[in-house]
>>> print(open('input12.cif').read())   # mmCIF, C-alpha atoms and all ligand atoms
data_protein
#
loop_
_atom_site.label_atom_id
_atom_site.label_comp_id
_atom_site.auth_asym_id
_atom_site.auth_seq_id
_atom_site.Cartn_x
_atom_site.Cartn_y
_atom_site.Cartn_z
CA MET A 206 0.00 0.00 0.00
CA GLY A 207 2.81 2.34 1.01
CA GLN A 208 4.48 1.85 -2.33
CA GLY A 209 1.33 2.76 -4.27
CA ASN A 210 0.72 5.90 -2.22
CA LYS A 211 4.30 7.05 -2.53
CA ASN A 212 4.20 6.59 -6.28
CA SER A 213 0.91 8.35 -6.48
CA TYR A 214 2.26 11.27 -4.43
CA ARG A 215 5.39 11.55 -6.56
CA PHE A 216 3.21 11.48 -9.61
CA GLU A 217 0.96 14.22 -8.32
CA ALA A 218 3.83 16.56 -7.53
CA GLU A 219 5.24 15.95 -10.98
CA PHE A 220 1.87 16.33 -12.59
CA ILE A 221 1.16 19.65 -10.88
CA ARG A 222 4.56 20.86 -12.04
CA ILE A 223 3.79 19.87 -15.63
CA LEU A 224 0.39 21.51 -15.46
CA SER A 225 1.78 24.72 -14.03
CA ILE A 226 4.15 24.90 -16.97
CA PHE A 227 1.25 24.44 -19.38
CA GLU A 228 -1.04 26.91 -17.75
CA THR A 229 1.19 29.76 -16.66
CA ASP A 230 4.08 29.60 -19.06
CA PHE A 231 2.68 28.25 -22.27
CA ILE A 232 4.97 30.20 -24.58
CA ALA A 233 8.13 29.30 -22.71
CA MET A 234 6.88 25.74 -22.55
CA ALA A 235 7.03 25.61 -26.27
CA TYR A 236 10.80 25.90 -26.50
CA ARG A 237 12.03 22.65 -27.92
CA LYS A 238 14.42 22.25 -25.01
CA ARG A 239 11.67 22.86 -22.52
CA MET A 240 9.41 20.62 -24.52
CA ASN A 241 11.88 17.80 -24.23
CA GLU A 242 11.98 18.44 -20.51
CA ILE A 243 8.19 18.20 -20.37
CA MET A 244 8.29 15.03 -22.41
CA GLU A 245 10.84 13.65 -19.95
CA ASN A 246 8.65 14.71 -17.05
CA ALA A 247 5.67 13.11 -18.72
CA GLN A 248 7.86 10.06 -19.19
CA ALA A 249 8.76 10.15 -15.48
CA ALA A 250 5.07 10.59 -14.67
CA PHE A 251 4.12 7.63 -16.85
CA ASP A 252 6.69 5.50 -15.06
CA THR A 253 4.98 5.99 -11.71
CA ALA A 254 1.41 6.84 -12.65
CA SER A 255 -1.78 4.90 -12.35
CA ALA A 256 -3.60 4.30 -15.61
CA ALA A 257 -6.21 6.97 -14.81
CA GLU A 258 -3.47 9.53 -14.13
CA ALA A 259 -1.65 8.58 -17.31
CA VAL A 260 -4.84 9.09 -19.34
CA ASP A 261 -5.25 12.48 -17.68
CA VAL A 262 -1.69 13.47 -18.64
CA VAL A 263 -2.25 12.29 -22.22
CA LEU A 264 -5.39 14.44 -22.54
CA ARG A 265 -3.96 17.55 -20.87
CA MET A 266 -0.77 17.45 -22.88
CA ALA A 267 -2.80 17.05 -26.07
CA ALA A 268 -4.82 20.17 -25.22
CA GLY A 269 -1.72 22.09 -24.12
CA LEU A 270 0.08 21.30 -27.38
CA GLY A 271 -2.96 22.15 -29.52
CA ALA A 272 -3.10 18.58 -30.86
CA SER A 273 -6.14 17.44 -32.84
CA ASP A 274 -5.61 13.77 -32.00
CA ALA A 275 -3.73 11.62 -29.52
CA HIS A 276 -2.68 8.14 -30.68
CA ILE A 277 -2.19 5.45 -28.06
CA ASP A 278 -0.37 2.65 -29.85
CA PRO A 279 0.78 -0.53 -28.11
CA ARG A 280 4.20 -1.64 -29.41
CA GLY A 281 6.76 -4.21 -28.44
CA ASP A 282 8.57 -1.93 -25.99
CA GLY A 283 5.61 -0.09 -24.50
CA VAL A 284 2.74 2.11 -25.55
CA ALA A 285 3.66 4.98 -27.87
CA ILE A 286 1.85 8.25 -27.14
CA ARG A 287 1.81 10.39 -30.27
CA TYR A 288 0.09 13.68 -31.00
CA ARG A 289 -1.11 15.07 -34.30
CA ILE A 290 -0.14 18.75 -34.31
CA ASP A 291 -0.84 20.82 -37.45
CA GLY A 292 -1.49 17.58 -39.28
CA GLU A 293 1.81 15.87 -38.38
CA LEU A 294 2.29 13.06 -35.85
CA GLU A 295 4.85 13.67 -33.08
CA LEU A 296 6.01 11.11 -30.56
CA ALA A 297 5.48 12.50 -27.04
CA GLY A 298 6.53 9.56 -24.90
CA ILE A 299 6.31 5.87 -24.19
CA MET A 300 3.85 4.66 -21.59
CA PRO A 301 4.85 1.48 -19.79
CA ARG A 302 3.24 -1.67 -21.07
CA ARG A 303 1.79 -2.41 -17.62
CA LEU A 304 -0.56 0.60 -17.96
CA HIS A 305 -1.86 -0.36 -21.37
CA GLU A 306 -4.93 -2.46 -20.60
CA GLU A 307 -6.02 -0.27 -17.71
CA ALA A 308 -5.54 2.96 -19.68
CA ILE A 309 -7.66 1.57 -22.51
CA ALA A 310 -10.28 0.44 -19.97
CA ARG A 311 -10.25 3.92 -18.41
CA LEU A 312 -10.84 5.55 -21.82
CA LYS A 313 -13.63 3.05 -22.53
CA ILE A 314 -15.37 3.86 -19.25
CA LEU A 315 -15.04 7.61 -19.89
CA SER A 316 -16.38 7.30 -23.42
CA GLY A 317 -19.13 4.79 -22.73
CA ALA A 318 -17.58 1.91 -24.69
CA ARG A 319 -17.73 -1.73 -23.53
CA THR A 320 -14.76 -2.72 -21.35
CA ASP A 321 -15.43 -6.44 -21.82
CA ILE A 322 -15.09 -6.31 -25.60
CA HIS A 323 -11.57 -6.33 -27.02
CA ALA A 324 -11.78 -8.14 -30.33
CA ILE A 325 -13.91 -5.74 -32.36
CA PRO A 326 -13.60 -1.99 -33.10
CA GLN A 327 -15.61 0.34 -30.88
CA ASP A 328 -16.04 4.04 -30.46
CA GLY A 329 -17.32 6.41 -27.83
CA ARG A 330 -17.37 10.00 -26.71
CA PHE A 331 -17.29 12.20 -23.64
CA ALA A 332 -17.01 15.84 -22.64
CA VAL A 333 -14.17 17.14 -20.50
CA GLU A 334 -12.61 20.42 -19.39
CA LEU A 335 -8.87 20.74 -20.05
CA SER A 336 -7.01 23.82 -18.80
CA GLY A 337 -10.34 25.59 -18.34
CA GLU A 338 -11.53 24.95 -21.92
CA PRO A 339 -14.41 22.57 -22.68
CA TYR A 340 -13.67 19.77 -25.14
CA ASN A 341 -15.74 17.09 -26.82
CA ILE A 342 -13.65 13.96 -27.01
CA ARG A 343 -14.22 11.12 -29.48
CA VAL A 344 -12.36 7.88 -28.99
CA SER A 345 -11.96 5.06 -31.47
CA PHE A 346 -10.71 1.64 -30.30
CA MET A 347 -9.24 -0.92 -32.68
CA PRO A 348 -7.80 -4.33 -31.92
CA THR A 349 -4.25 -4.63 -33.29
CA TYR A 350 -1.72 -7.44 -33.24
CA ARG A 351 -0.10 -5.82 -30.18
CA GLY A 352 -3.34 -5.19 -28.34
CA GLU A 353 -6.01 -2.53 -28.41
CA ASN A 354 -5.13 0.79 -29.98
CA ALA A 355 -6.98 4.01 -29.15
CA VAL A 356 -7.17 7.26 -31.10
CA VAL A 357 -8.55 10.22 -29.17
CA ARG A 358 -9.89 13.18 -31.14
CA LEU A 359 -10.07 16.50 -29.32
CA LEU A 360 -12.75 18.90 -30.49
CA PRO A 361 -12.79 22.28 -28.74
CA ALA A 362 -16.46 22.69 -27.72
CA ARG A 363 -16.33 26.47 -27.91
CA ALA A 364 -16.00 27.72 -31.44
CA LYS A 365 -13.06 30.07 -31.61
CA ALA A 366 -14.55 33.54 -31.80
CA GLN A 367 -11.54 34.82 -33.72
CA ASP A 368 -12.07 32.32 -36.54
CA SER A 369 -12.95 34.14 -39.75
CA PHE A 370 -12.48 33.40 -43.45
CA ALA A 371 -9.36 35.57 -43.36
CA SER A 372 -7.88 33.79 -40.33
CA LEU A 373 -8.42 30.44 -42.06
CA GLY A 374 -6.28 31.70 -44.93
CA PHE A 375 -8.79 32.87 -47.55
CA THR A 376 -7.54 35.90 -49.52
CA PRO A 377 -9.44 39.23 -49.36
CA ASP A 378 -10.90 38.55 -52.84
CA GLN A 379 -12.09 35.13 -51.73
CA VAL A 380 -13.58 36.56 -48.54
CA SER A 381 -15.67 39.01 -50.63
CA ILE A 382 -16.89 36.14 -52.82
CA LEU A 383 -17.82 34.05 -49.78
CA ASP A 384 -19.61 36.96 -48.09
CA ALA A 385 -21.60 37.67 -51.27
CA ALA A 386 -22.66 34.02 -51.62
CA LEU A 387 -23.77 33.91 -47.98
CA SER A 388 -25.96 36.97 -48.44
CA ALA A 389 -28.18 34.99 -50.86
CA PRO A 390 -31.47 33.85 -49.29
CA ASN A 391 -31.47 30.47 -51.02
CA GLY A 392 -29.40 28.05 -53.07
CA LEU A 393 -26.67 25.51 -52.42
CA ILE A 394 -23.16 26.25 -51.13
CA LEU A 395 -20.70 23.34 -51.20
CA VAL A 396 -17.32 22.92 -49.55
CA THR A 397 -15.27 20.08 -51.04
CA GLY A 398 -11.98 18.38 -50.33
CA PRO A 399 -10.58 15.17 -48.85
CA THR A 400 -10.90 14.21 -45.17
CA GLY A 401 -8.89 16.59 -42.99
CA SER A 402 -8.98 19.50 -45.45
CA GLY A 403 -10.78 21.83 -43.02
CA LYS A 404 -14.23 21.70 -44.64
CA THR A 405 -16.06 21.64 -41.29
CA THR A 406 -14.16 24.69 -40.04
CA THR A 407 -15.05 26.69 -43.16
CA LEU A 408 -18.72 25.75 -42.78
CA ARG A 409 -18.59 26.67 -39.10
CA VAL A 410 -17.46 30.19 -40.04
CA CYS A 411 -20.32 30.36 -42.60
CA LEU A 412 -22.81 29.35 -39.90
CA GLY A 413 -21.34 31.85 -37.43
CA LEU A 414 -21.88 34.66 -39.94
CA LYS A 415 -25.45 33.64 -40.73
CA ALA A 416 -26.18 33.27 -36.99
CA ARG A 417 -25.72 37.05 -36.61
CA GLU A 418 -28.87 37.52 -38.71
CA PRO A 419 -32.43 36.94 -37.42
CA LEU A 420 -32.73 33.51 -39.07
CA ALA A 421 -33.66 29.98 -38.05
CA ILE A 422 -30.50 27.93 -38.62
CA MET A 423 -30.24 24.15 -38.31
CA THR A 424 -27.51 21.63 -38.87
CA LEU A 425 -27.74 17.88 -39.48
CA GLU A 426 -24.45 16.25 -38.56
CA ASP A 427 -23.02 12.82 -37.79
CA PRO A 428 -21.68 13.60 -35.25
CA VAL A 429 -22.09 17.21 -34.09
CA GLU A 430 -18.54 18.55 -33.80
CA TYR A 431 -18.71 22.22 -32.88
CA GLU A 432 -21.54 24.17 -31.39
CA VAL A 433 -22.21 27.57 -32.93
CA PRO A 434 -24.26 29.86 -30.64
CA GLY A 435 -27.73 30.53 -32.08
CA VAL A 436 -27.72 27.40 -34.24
CA ARG A 437 -29.84 24.27 -33.67
CA HIS A 438 -27.47 21.33 -34.07
CA VAL A 439 -29.06 17.95 -34.77
CA HIS A 440 -27.12 14.71 -34.41
CA ILE A 441 -28.09 12.36 -37.24
CA ARG A 442 -27.61 8.78 -36.07
CA HIS A 443 -26.89 6.70 -39.15
CA ALA A 444 -26.37 3.75 -36.83
CA HIS A 445 -30.03 4.05 -35.79
CA GLY A 446 -31.26 4.10 -39.37
CA VAL A 447 -31.72 7.88 -39.57
CA THR A 448 -30.23 9.30 -42.77
CA PHE A 449 -29.38 12.85 -43.81
CA ALA A 450 -32.25 12.62 -46.31
CA SER A 451 -34.88 11.54 -43.77
CA GLY A 452 -33.48 13.96 -41.19
CA LEU A 453 -33.71 16.79 -43.69
CA ARG A 454 -37.36 16.03 -44.44
CA SER A 455 -38.13 16.29 -40.70
CA ALA A 456 -35.99 19.42 -40.37
CA LEU A 457 -38.03 21.19 -43.03
CA ARG A 458 -41.06 20.99 -40.74
CA GLN A 459 -39.04 23.06 -38.23
CA ASP A 460 -39.33 26.18 -40.42
CA PRO A 461 -35.61 26.72 -41.05
CA ASP A 462 -34.06 29.46 -43.22
CA VAL A 463 -30.55 28.01 -43.35
CA ILE A 464 -29.62 24.32 -43.18
CA MET A 465 -26.21 22.74 -43.01
CA ILE A 466 -25.95 19.02 -43.89
CA GLY A 467 -22.78 17.22 -42.82
CA GLU A 468 -22.14 15.55 -46.16
CA ILE A 469 -23.86 14.66 -49.42
CA ARG A 470 -22.89 11.05 -49.94
CA ASP A 471 -25.81 9.45 -51.72
CA ASN A 472 -28.37 10.02 -54.40
CA GLU A 473 -31.29 10.43 -52.01
CA THR A 474 -29.56 13.14 -49.95
CA ALA A 475 -28.46 14.96 -53.11
CA LYS A 476 -32.07 15.12 -54.32
CA VAL A 477 -33.57 16.30 -51.02
CA VAL A 478 -30.78 18.88 -50.68
CA ALA A 479 -31.46 20.25 -54.19
CA HIS A 480 -35.20 20.48 -53.59
CA THR A 481 -34.61 22.19 -50.24
CA ALA A 482 -32.30 24.73 -51.89
CA LEU A 483 -34.88 25.26 -54.63
CA THR A 484 -37.70 25.97 -52.16
CA GLY A 485 -36.31 29.10 -50.54
CA HIS A 486 -33.66 27.71 -48.19
CA LEU A 487 -29.95 28.39 -48.07
CA VAL A 488 -28.30 24.96 -47.86
CA MET A 489 -24.65 24.28 -47.10
CA SER A 490 -22.91 20.93 -47.28
CA THR A 491 -19.67 19.10 -48.02
CA LEU A 492 -18.68 16.70 -50.76
CA HIS A 493 -15.59 14.52 -51.25
CA THR A 494 -14.18 15.78 -54.53
CA THR A 495 -10.69 16.95 -55.46
CA SER A 496 -11.75 20.06 -57.37
CA ALA A 497 -14.63 22.54 -57.47
CA ILE A 498 -15.62 21.60 -61.03
CA GLU A 499 -15.66 17.93 -60.10
CA ALA A 500 -18.50 18.67 -57.65
CA ILE A 501 -20.80 19.26 -60.63
CA VAL A 502 -19.81 15.93 -62.15
CA ARG A 503 -20.22 14.11 -58.85
CA LEU A 504 -23.70 15.50 -58.21
CA SER A 505 -24.76 14.59 -61.76
CA ASP A 506 -23.39 11.08 -61.21
CA MET A 507 -25.51 10.89 -58.05
CA GLY A 508 -28.54 11.32 -60.28
CA LEU A 509 -29.19 15.03 -59.81
CA GLU A 510 -30.74 16.42 -62.99
CA ARG A 511 -28.64 19.13 -64.60
CA TYR A 512 -31.50 21.66 -64.61
CA LEU A 513 -31.89 21.20 -60.84
CA LEU A 514 -28.16 21.58 -60.31
CA ALA A 515 -28.07 24.67 -62.51
CA SER A 516 -30.90 26.38 -60.67
CA THR A 517 -29.67 25.65 -57.14
CA LEU A 518 -25.84 25.60 -57.09
CA ARG A 519 -24.40 29.01 -56.15
CA LEU A 520 -20.87 28.36 -55.00
CA VAL A 521 -18.33 25.56 -54.65
CA VAL A 522 -15.29 25.99 -52.42
CA SER A 523 -12.60 23.35 -52.87
CA GLN A 524 -9.85 23.40 -50.27
CA ARG A 525 -6.79 21.78 -48.67
CA LEU A 526 -4.76 22.64 -45.59
CA VAL A 527 -1.04 23.46 -45.62
CA ARG A 528 1.25 24.19 -42.70
CA LYS A 529 2.25 27.81 -42.27
CA ILE A 530 5.91 28.76 -41.95
CA CYS A 531 6.53 29.76 -38.33
CA GLY A 532 6.28 33.55 -38.05
CA GLU A 533 8.79 33.63 -35.21
CA CYS A 534 11.78 31.77 -36.68
CA GLY A 535 10.84 31.88 -40.35
CA GLY A 536 11.08 28.11 -40.46
CA GLY A 537 14.88 28.39 -40.38
CA LYS A 538 14.89 29.69 -43.95
CA SER A 539 15.22 33.39 -43.13
CA ASP A 540 18.08 35.42 -41.73
CA ARG A 541 16.30 36.05 -38.45
CA ASN A 542 18.17 35.54 -35.22
CA LEU A 543 16.31 32.58 -33.90
CA ALA A 544 17.58 29.26 -35.09
CA PRO A 545 14.64 26.90 -35.63
CA ASP A 546 15.77 24.42 -33.01
CA THR A 547 15.39 27.04 -30.29
CA CYS A 548 12.16 28.59 -31.52
CA ARG A 549 9.68 29.05 -28.71
CA ILE A 550 6.66 29.14 -31.01
CA CYS A 551 7.07 26.11 -33.27
CA ARG A 552 9.35 24.03 -31.00
CA GLY A 553 11.83 23.74 -33.86
CA VAL A 554 9.36 22.23 -36.31
CA GLY A 555 9.56 25.33 -38.53
CA PHE A 556 5.77 25.47 -38.99
CA ARG A 557 3.00 26.73 -36.74
CA GLY A 558 -0.69 26.67 -37.60
CA ARG A 559 -2.29 25.93 -40.93
CA SER A 560 -3.80 27.84 -43.82
CA VAL A 561 -6.28 26.83 -46.48
CA ILE A 562 -5.35 26.82 -50.14
CA SER A 563 -8.51 26.94 -52.17
CA GLU A 564 -10.42 27.57 -55.36
CA ILE A 565 -13.90 29.05 -55.43
CA LEU A 566 -16.32 28.43 -58.26
CA VAL A 567 -19.06 31.05 -58.47
CA VAL A 568 -22.04 29.87 -60.49
CA GLY A 569 -23.20 32.98 -62.35
CA PRO A 570 -25.70 33.21 -65.25
CA GLY A 571 -23.19 31.98 -67.86
CA LEU A 572 -22.16 28.88 -65.92
CA ARG A 573 -25.75 28.19 -64.95
CA GLU A 574 -26.67 27.90 -68.59
CA LEU A 575 -23.70 25.62 -69.34
CA ILE A 576 -24.43 23.37 -66.36
CA GLY A 577 -28.11 23.16 -67.31
CA ALA A 578 -27.18 22.27 -70.89
CA GLY A 579 -25.01 19.40 -69.66
CA ALA A 580 -21.68 20.93 -70.74
CA SER A 581 -18.51 18.92 -70.04
CA PRO A 582 -16.21 19.78 -67.11
CA VAL A 583 -13.59 21.10 -69.57
CA VAL A 584 -16.06 23.55 -71.11
CA ILE A 585 -17.36 24.61 -67.70
CA GLU A 586 -13.82 25.19 -66.40
CA ALA A 587 -12.85 27.27 -69.43
CA ALA A 588 -15.94 29.44 -69.00
CA ALA A 589 -15.31 29.74 -65.26
CA LYS A 590 -11.72 30.89 -65.90
CA ALA A 591 -12.99 33.51 -68.31
CA ASP A 592 -15.25 34.65 -65.45
CA GLY A 593 -12.27 34.98 -63.09
CA PHE A 594 -12.08 31.49 -61.54
CA ARG A 595 -8.61 30.89 -60.08
CA PRO A 596 -7.55 27.24 -59.78
CA MET A 597 -6.25 26.11 -56.39
CA LYS A 598 -2.73 25.72 -57.78
CA GLU A 599 -2.55 29.48 -58.42
CA ASP A 600 -3.78 30.30 -54.92
CA ALA A 601 -1.17 27.88 -53.55
CA GLU A 602 1.69 29.38 -55.58
CA GLU A 603 0.70 32.84 -54.41
CA LYS A 604 0.89 31.65 -50.79
CA VAL A 605 4.42 30.39 -51.42
CA ASP A 606 5.36 33.77 -52.96
CA TRP A 607 3.97 35.54 -49.91
CA GLY A 608 6.04 33.34 -47.59
CA VAL A 609 2.98 31.75 -46.00
CA THR A 610 4.05 28.20 -46.78
CA THR A 611 6.56 26.13 -48.76
CA ASN A 612 6.54 24.36 -52.13
CA GLU A 613 6.91 21.03 -50.33
CA GLU A 614 3.76 21.67 -48.31
CA ILE A 615 1.86 22.64 -51.45
CA ARG A 616 2.98 19.54 -53.30
CA ALA A 617 2.03 17.31 -50.38
CA ALA A 618 -1.42 18.93 -50.17
CA LEU A 619 -2.18 18.99 -53.90
CA TYR A 620 -0.91 15.59 -54.94
CA SER A 621 -1.45 13.38 -51.93
ZN ZN B 701 9.51 28.74 -35.16
#
>>> encode(input="input12.cif", output="structure tokens", more="lines below")
Ligand SMILES: [Zn+2]
Amino acid sequence: MGQGNKNSYRFEAEFIRILSIFETDFIAMAYRKRMNEIMENAQAAFDTASAAEAVDVVLRMAAGLGASDAHIDPRGDGVAIRYRIDGELELAGIMPRRLHEEAIARLKILSGARTDIHAIPQDGRFAVELSGEPYNIRVSFMPTYRGENAVVRLLPARAKAQDSFASLGFTPDQVSILDAALSAPNGLILVTGPTGSGKTTTLRVCLGLKAREPLAIMTLEDPVEYEVPGVRHVHIRHAHGVTFASGLRSALRQDPDVIMIGEIRDNETAKVVAHTALTGHLVMSTLHTTSAIEAIVRLSDMGLERYLLASTLRLVVSQRLVRKICGECGGGKSDRNLAPDTCRICRGVGFRGRSVISEILVVGPGLRELIGAGASPVVIEAAAKADGFRPMKEDAEEKVDWGVTTNEEIRAALYS
């Protein structure tokens, strides 16, 4: 008993020290050197911690580092704790093997997953406050050869008030286009891109802007990720047989002005979305396509008649995320004093934060006619360019010229 208490006490002292660094000295914490120290402390904490304490450290460090995900991977030598920060995975420490099963069990209890099931994938969720900020946590469990693996996604529950189209990386011209499209009372606005391209964040900013107006705004999501004040968020449970299409039909009886649908992924949803947009509602959604023009092709392939598409589609934003060169050290490529390995902002990574690179297709009268007439993507793109459409590649190259990001980042984002 004495041993356990002593360890627990040592852990607590260490833990409070780590937390005090996070909470009172966040900037200094971010020095790579200091970071290593924290990692070592976390390592020391792991060595003596209980599983519940270790899980707590994993979550608090994730929040403190601004990580979007924490990966808990059992390996031969222990359990690797890795964080995804600005899209890249970083190893934070190795948790002793002895804590593995209990830490997974602790996460399962927190997230409402079954602790007696180990052989099949599970997922769960819970809400928690970390360093005074509320978070929604989603956990996915997967059996691996080395034991159960857990990936924890951290979603800040409070939308960042400072988020705007400009802060996400849209250029002033693009911001004007987006604002103009949002001022329309009806029609369809699409945000496209692969998973992890920031589509949800862009839509959240759209919703935040519309929420300033006296409108009834609803979302249908699976799951609800961020709450926007003044918006009715509805969790669509595909697992319970509710679909976006059936949810949307019910939502229309709620007298909405603006509706956001998580994703258009089937023919039925595409049709209900188009009819909703046609009947006086502003509808926003996402689609998995690589370019803005491709969205037209995809919706046609889903069985949406061209005339319907032509009369409802107003705007397609296609986007990716790239890492921004650290403003403090210049990513080690400038002649500034700070060498990247001592940078207190990026911890020597050379990048801090991310920016969108994007292309925005505005469907004006000319394009509407072409889309309705069933024109090919090549013809539509040529007409769009004549109307001022700038392909994503140009936006990306401009961001390299401005020193926002690097060619390597652009290549990774455009061709991955
Ligand atoms: Zn830096």
>>> residues_near_ligand(input="input12.cif", ligand="ligand ZN 701 (chain B)", cutoff="6 Å", atoms="all atoms listed in the file", output="list in words")
Cys531, Glu533, Cys534, Gly536, Pro545, Cys548, Ile550, Cys551, Gly553 and Gly555 of chain A
>>> write_last_selection(input="input12.cif", atoms="C-alpha atoms", output="PDB file, keeping the file's coordinate frame")
ATOM      1  CA  CYS A 531       6.530  29.760 -38.330  1.00  0.00           C
ATOM      2  CA  GLU A 533       8.790  33.630 -35.210  1.00  0.00           C
ATOM      3  CA  CYS A 534      11.780  31.770 -36.680  1.00  0.00           C
ATOM      4  CA  GLY A 536      11.080  28.110 -40.460  1.00  0.00           C
ATOM      5  CA  PRO A 545      14.640  26.900 -35.630  1.00  0.00           C
ATOM      6  CA  CYS A 548      12.160  28.590 -31.520  1.00  0.00           C
ATOM      7  CA  ILE A 550       6.660  29.140 -31.010  1.00  0.00           C
ATOM      8  CA  CYS A 551       7.070  26.110 -33.270  1.00  0.00           C
ATOM      9  CA  GLY A 553      11.830  23.740 -33.860  1.00  0.00           C
ATOM     10  CA  GLY A 555       9.560  25.330 -38.530  1.00  0.00           C
TER      11      GLY A 555
END
>>> residues_around(input="input12.cif", residues="Val356 (chain A)", least_positions_apart="5", cutoff="9 Å", atoms="only C-alpha atoms", output="PyMOL selection string")
chain A and resi 274-278+343-347
>>> atom_distance(input="input12.cif", atom1="CA of Gly608 (chain A)", atom2="CA of Leu270 (chain A)")
24.3 Å
>>> closest_residue(input="input12.cif", among="A:Leu619, A:Val554, A:Val488, A:Ala475", to="Asp506 (chain A)", atoms="all atoms listed in the file")
A:Ala475
>>> residues_around(input="input12.cif", residues="Leu360 (chain A)", least_positions_apart="4", cutoff="7 Å", atoms="all atoms listed in the file", output="PDB file with C-alpha atoms, in the frame of the given file")
ATOM      1  CA  TYR A 340     -13.670  19.770 -25.140  1.00  0.00           C
ATOM      2  CA  ASN A 341     -15.740  17.090 -26.820  1.00  0.00           C
ATOM      3  CA  ILE A 342     -13.650  13.960 -27.010  1.00  0.00           C
ATOM      4  CA  GLU A 430     -18.540  18.550 -33.800  1.00  0.00           C
TER       5      GLU A 430
END
>>> closest_residue(input="input12.cif", among="A:Leu575, A:Ile530, A:Ala591, A:Ala249", to="Thr610 (chain A)", atoms="only C-alpha atoms")
A:Ile530
>>> build_atoms(input="input12.cif", residues="region 476-493 of chain A", atoms="N, CA and C atoms", output="compact mmCIF listing (two decimals), keeping the file's coordinate frame")
# COMPACT_ATOMS: atom_id res chain seq x y z
N LYS A 476 -30.77 14.66 -53.81
CA LYS A 476 -32.07 15.12 -54.32
C LYS A 476 -32.82 15.98 -53.31
N VAL A 477 -32.85 15.52 -52.05
CA VAL A 477 -33.57 16.30 -51.02
C VAL A 477 -32.87 17.64 -50.81
N VAL A 478 -31.54 17.64 -50.85
CA VAL A 478 -30.78 18.88 -50.68
C VAL A 478 -31.13 19.86 -51.80
N ALA A 479 -31.17 19.37 -53.05
CA ALA A 479 -31.46 20.25 -54.19
C ALA A 479 -32.87 20.83 -54.08
N HIS A 480 -33.83 19.99 -53.71
CA HIS A 480 -35.20 20.48 -53.59
C HIS A 480 -35.35 21.48 -52.45
N THR A 481 -34.58 21.26 -51.36
CA THR A 481 -34.61 22.19 -50.24
C THR A 481 -34.05 23.55 -50.68
N ALA A 482 -32.94 23.49 -51.43
CA ALA A 482 -32.30 24.73 -51.89
C ALA A 482 -33.20 25.46 -52.89
N LEU A 483 -34.00 24.69 -53.60
CA LEU A 483 -34.88 25.26 -54.63
C LEU A 483 -36.12 25.92 -54.01
N THR A 484 -36.46 25.48 -52.78
CA THR A 484 -37.70 25.97 -52.16
C THR A 484 -37.43 27.03 -51.09
N GLY A 485 -36.49 27.92 -51.40
CA GLY A 485 -36.31 29.10 -50.54
C GLY A 485 -35.42 28.94 -49.33
N HIS A 486 -34.59 27.89 -49.30
CA HIS A 486 -33.66 27.71 -48.19
C HIS A 486 -32.22 27.85 -48.66
N LEU A 487 -31.37 28.39 -47.79
CA LEU A 487 -29.95 28.39 -48.07
C LEU A 487 -29.37 27.11 -47.47
N VAL A 488 -28.80 26.26 -48.32
CA VAL A 488 -28.30 24.96 -47.86
C VAL A 488 -26.79 24.92 -48.04
N MET A 489 -26.10 24.44 -47.01
CA MET A 489 -24.65 24.28 -47.10
C MET A 489 -24.31 22.82 -46.83
N SER A 490 -23.30 22.30 -47.54
CA SER A 490 -22.91 20.93 -47.28
C SER A 490 -21.49 20.68 -47.77
N THR A 491 -21.01 19.46 -47.55
CA THR A 491 -19.67 19.10 -48.02
C THR A 491 -19.77 17.92 -48.97
N LEU A 492 -18.73 17.76 -49.77
CA LEU A 492 -18.68 16.70 -50.76
C LEU A 492 -17.21 16.29 -50.89
N HIS A 493 -16.98 14.98 -51.08
CA HIS A 493 -15.59 14.52 -51.25
C HIS A 493 -15.18 14.58 -52.71
